[in-house]
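**Student:** Sharing a structure with you now.
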Protein chains: 2
Amino acid sequence: MSDQRSQERAGGERCLRAWTRLLRAYAATTRLLSAGLQAEHGLSLNAYEALWVLSQAEQGRMRRVDLARSLLLTPSGVTRLLEGLEAAGLVRKAACPSDLRVTYAELTEAGRAKLEAASCAHLRAVRALFEEHLSAEEIERLAETLDKLPGVAGGEGRCPQSG
Amino acid sequence: MSDQRSQERAGGERCLRAWTRLLRAYAATTRLLSAGLQAEHGLSLNAYEALWVLSQAEQGRMRRVDLARSLLLTPSGVTRLLEGLEAAGLVRKAACPSDLRVTYAELTEAGRAKLEAASCAHLRAVRALFEEHLSAEEIERLAETLDKLPGVAGGEGRCPQSG
DNA sequence: TATTATTAGTTGAGGCTACAAGAATTTTTA
DNA sequence: TAAAAATTCTTGTAGCCTCAACTAATAATA
């Protein structure tokens, strides 16, 4: 009967529902979208995202640490990811003359070409996924809502290892 | 003409924005929430979810295949996940007399206790994560929207009732 | 300036998950 | 009812990622 208590519980259930949906939405959508990317271009989702982030950066290059923050990976995760991309010739290392600690990750021409080749089909798949099930307003609102969760907005993701 | 084309592009960008937010939201929130669960109870997120799903099932047990669908894991993923939970004594195997192919995953008393012990702090963390950043309506709408994405609602409409 | 703290990045070990292949057991079909 | 197909589950292998520990370089401080 206590109105307050039942409201309490409703809040908990609402959060739990949103949370499990988020987990499932991630699992379901990444499975769908990574399949095509992997089959057609041999790229994982994070590999694609890395190429894309680099392509948006000045001179197509970034410090590896910034790339990590941008992708929400640990520094070691970036090292491993770039290992593959470097082996494939899509990204190369570049030194930073003013700070010998940093190594840039720099998009190669092949990397840019690969990104362009993969983008068309990938973007189409992303659009299909969202637009076939959600209205424009729902999509917009979804992005806005997720943006408010901690660590999601902008490029200012915090590195989990040094936290 | 150009109006239509620019609307086209706006739709693409909207989808892309929602998609990258979803990726980042997953990465950011799972990191936050799994940390506590792992540190305090030695459970991964999927291990917790598995215990929870089992606890909601009749007699605290399910066919492994159904558990896989519910968690959006492959059958092999479930085998490996349950390996750990069985070794920890939280789940046990049980035979199905009517179909010798199936093995049930069955929650043990220790498993139920572990779930109960972990739930309180975990639920609090989930609530904090959402309610500190989103309004009740936003949370509600977020869950509803994600539910419309393919494969999210499918596992079976589990409306969690607080354990 | 010498020392200490911070930052950038890599490496080894290990966890989690998928995929492919295979074994055991129904179920379907001809 | 025998053969084919489908279902349930496990195992080997491999990819991707994290954490802990480490090196190297820079910044801050006494």
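FYI, nothing fancy with the structure tokens labels: chains A, B, ... in order, residues from 1 per chain, ligands from 1 as they appear.
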Once you count only C-alpha atoms (C1' of nucleotides), what closest atom pair and distance in Å to one decimal does each residue of chain A within 8 Å of chain D have, with rows by chain and rising residue number, as CSV?
**Tutor:**
```
residue,atom,partner,partner_atom,distance
A:Thr74,CA,D:DT18,C1',7.6
A:Gly77,CA,D:DC17,C1',6.0
A:Asp99,CA,D:DA25,C1',7.6
A:Leu100,CA,D:DA25,C1',6.3
A:Arg101,CA,D:DA25,C1',5.3
A:Gln161,CA,D:DC19,C1',7.8
```
**Student:** Create the file for the chosen residues now, containing N, CA and C atoms and written as a PDB file, in the first residue's frame.
**Tutor:**
```
ATOM      1  N   THR A  74      41.442   0.136 -23.934  1.00  0.00           N
ATOM      2  CA  THR A  74      42.637   0.401 -23.137  1.00  0.00           C
ATOM      3  C   THR A  74      43.806   0.627 -24.087  1.00  0.00           C
ATOM      4  N   GLY A  77      44.695  -2.490 -25.647  1.00  0.00           N
ATOM      5  CA  GLY A  77      43.740  -2.873 -26.672  1.00  0.00           C
ATOM      6  C   GLY A  77      44.052  -2.202 -28.003  1.00  0.00           C
ATOM      7  N   ASP A  99      57.770  14.904 -28.828  1.00  0.00           N
ATOM      8  CA  ASP A  99      57.583  14.067 -27.641  1.00  0.00           C
ATOM      9  C   ASP A  99      57.882  12.622 -28.015  1.00  0.00           C
ATOM     10  N   LEU A 100      59.040  12.203 -27.575  1.00  0.00           N
ATOM     11  CA  LEU A 100      59.518  10.889 -28.029  1.00  0.00           C
ATOM     12  C   LEU A 100      58.716   9.731 -27.463  1.00  0.00           C
ATOM     13  N   ARG A 101      57.830  10.025 -26.512  1.00  0.00           N
ATOM     14  CA  ARG A 101      57.023   8.931 -25.986  1.00  0.00           C
ATOM     15  C   ARG A 101      55.934   8.531 -26.956  1.00  0.00           C
ATOM     16  N   GLN A 161      41.976   1.737 -17.601  1.00  0.00           N
ATOM     17  CA  GLN A 161      43.107   1.141 -16.888  1.00  0.00           C
ATOM     18  C   GLN A 161      43.693   2.102 -15.858  1.00  0.00           C
TER      19      GLN A 161
END
```
**Student:** Quote the C-alpha RMSD, in Å to one decimal, that results from superposing chain B on chain A by least squares across all C-alpha atoms in order.
**Tutor:**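 With all C-alpha atoms paired in order, the RMSD is 5.2 Å.
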**Student:** Which of chain B counts as helix (DSSP H, G or I) under DSSP, as a ChimeraX atom specification please?
**Tutor:** /B:2-41,45-56,58-60,64-71,75-87,109-131,136-147
**Student:** I need the contact residues of chain A against chain C, so if you could list those with any atom within 8 Å, counting only C-alpha atoms (C1' of nucleotides), and return them as a compact mmCIF listing (two decimals) with C-alpha atoms, in the first residue's frame, that would help.
**Tutor:**
```txt
# COMPACT_ATOMS: atom_id res chain seq x y z
CA VAL A 65 46.30 7.19 -26.43
CA PRO A 75 46.06 1.40 -24.44
CA SER A 76 46.91 -2.24 -24.75
CA THR A 79 48.23 -1.75 -29.51
CA ARG A 101 57.02 8.93 -25.99
CA VAL A 102 54.25 9.20 -28.48
CA THR A 103 53.77 7.20 -31.60
```
**Student:** Residues of chain B no more than 7 Å from chain A, counting only C-alpha atoms: send them over as a PyMOL selection string.
**Tutor:** chain B and resi 12+14-18+21-28+72+126-127+130+133+138-140+142-143+145-149+151-152+159-162
**Student:** Residues of chain B classed as strand (DSSP E or B) by DSSP on the backbone are to be reported as a list in words.
**Tutor:** Arg61, Met62, Arg63, Val91, Arg92, Lys93, Ala94, Ala95, Thr103, Tyr104, Ala105, Glu106 and Leu107 of chain B
**Student:** Please produce an output containing N, CA and C atoms for each residue in the selection, written as a compact mmCIF listing (two decimals), in the first residue's frame.
**Tutor:**
```
# COMPACT_ATOMS: atom_id res chain seq x y z
N ARG B 61 15.76 -24.02 -13.36
CA ARG B 61 16.58 -24.71 -14.36
C ARG B 61 16.05 -24.52 -15.77
N MET B 62 16.98 -24.62 -16.70
CA MET B 62 16.65 -24.42 -18.11
C MET B 62 17.52 -25.32 -18.97
N ARG B 63 17.03 -25.60 -20.15
CA ARG B 63 17.88 -26.24 -21.15
C ARG B 63 18.96 -25.24 -21.54
N VAL B 91 25.95 -23.66 -10.21
CA VAL B 91 25.02 -24.29 -11.15
C VAL B 91 25.43 -25.74 -11.27
N ARG B 92 24.47 -26.62 -11.47
CA ARG B 92 24.81 -28.03 -11.72
C ARG B 92 24.07 -28.53 -12.95
N LYS B 93 24.57 -29.61 -13.49
CA LYS B 93 23.90 -30.23 -14.62
C LYS B 93 22.80 -31.14 -14.09
N ALA B 94 21.76 -31.26 -14.90
CA ALA B 94 20.70 -32.21 -14.57
C ALA B 94 20.22 -32.84 -15.86
N ALA B 95 19.98 -34.11 -15.81
CA ALA B 95 19.58 -34.82 -17.02
C ALA B 95 18.10 -34.62 -17.30
N THR B 103 20.69 -31.29 -21.58
CA THR B 103 21.19 -31.21 -20.22
C THR B 103 20.65 -29.91 -19.64
N TYR B 104 20.05 -30.02 -18.48
CA TYR B 104 19.59 -28.80 -17.85
C TYR B 104 20.74 -28.11 -17.15
N ALA B 105 20.66 -26.81 -17.10
CA ALA B 105 21.50 -26.05 -16.18
C ALA B 105 20.59 -25.70 -15.01
N GLU B 106 21.01 -26.09 -13.83
CA GLU B 106 20.15 -25.94 -12.66
C GLU B 106 20.87 -25.15 -11.57
N LEU B 107 20.18 -24.15 -11.09
CA LEU B 107 20.73 -23.31 -10.03
C LEU B 107 20.87 -24.14 -8.75
```
**Student:** When you look at Glu40 of chain A with a cut-off of 10 Å (counting only C-alpha atoms (C1' of nucleotides)), what residues show up, excluding the ones that are within fewer than 2 positions of it in the same chain? I need them as JSON, numbers by chain.
**Tutor:** {"A": [34, 35, 36, 37, 38, 42, 43, 117, 118, 121, 122]}
**Student:** Work out how far atom CA of Ala110 of chain A is from atom CA of Ala87 of chain A, in Å to one decimal.
**Tutor:**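 Between atom CA of Ala87 of chain A and atom CA of Ala110 of chain A the gap is 11.9 Å.
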**Student:** What gap, in Å, lies between atom CA of Val53 of chain A and atom CA of Arg5 of chain B?
**Tutor:**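 A separation of 24.8 Å between them.
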**Student:** Name all residues at most 8 Å from Leu51 of chain B (count only C-alpha atoms (C1' of nucleotides); drop same-chain ones fewer than 4 positions away) and give them as a ChimeraX atom specification.
**Tutor:** /B:47,55,107,111-112,115
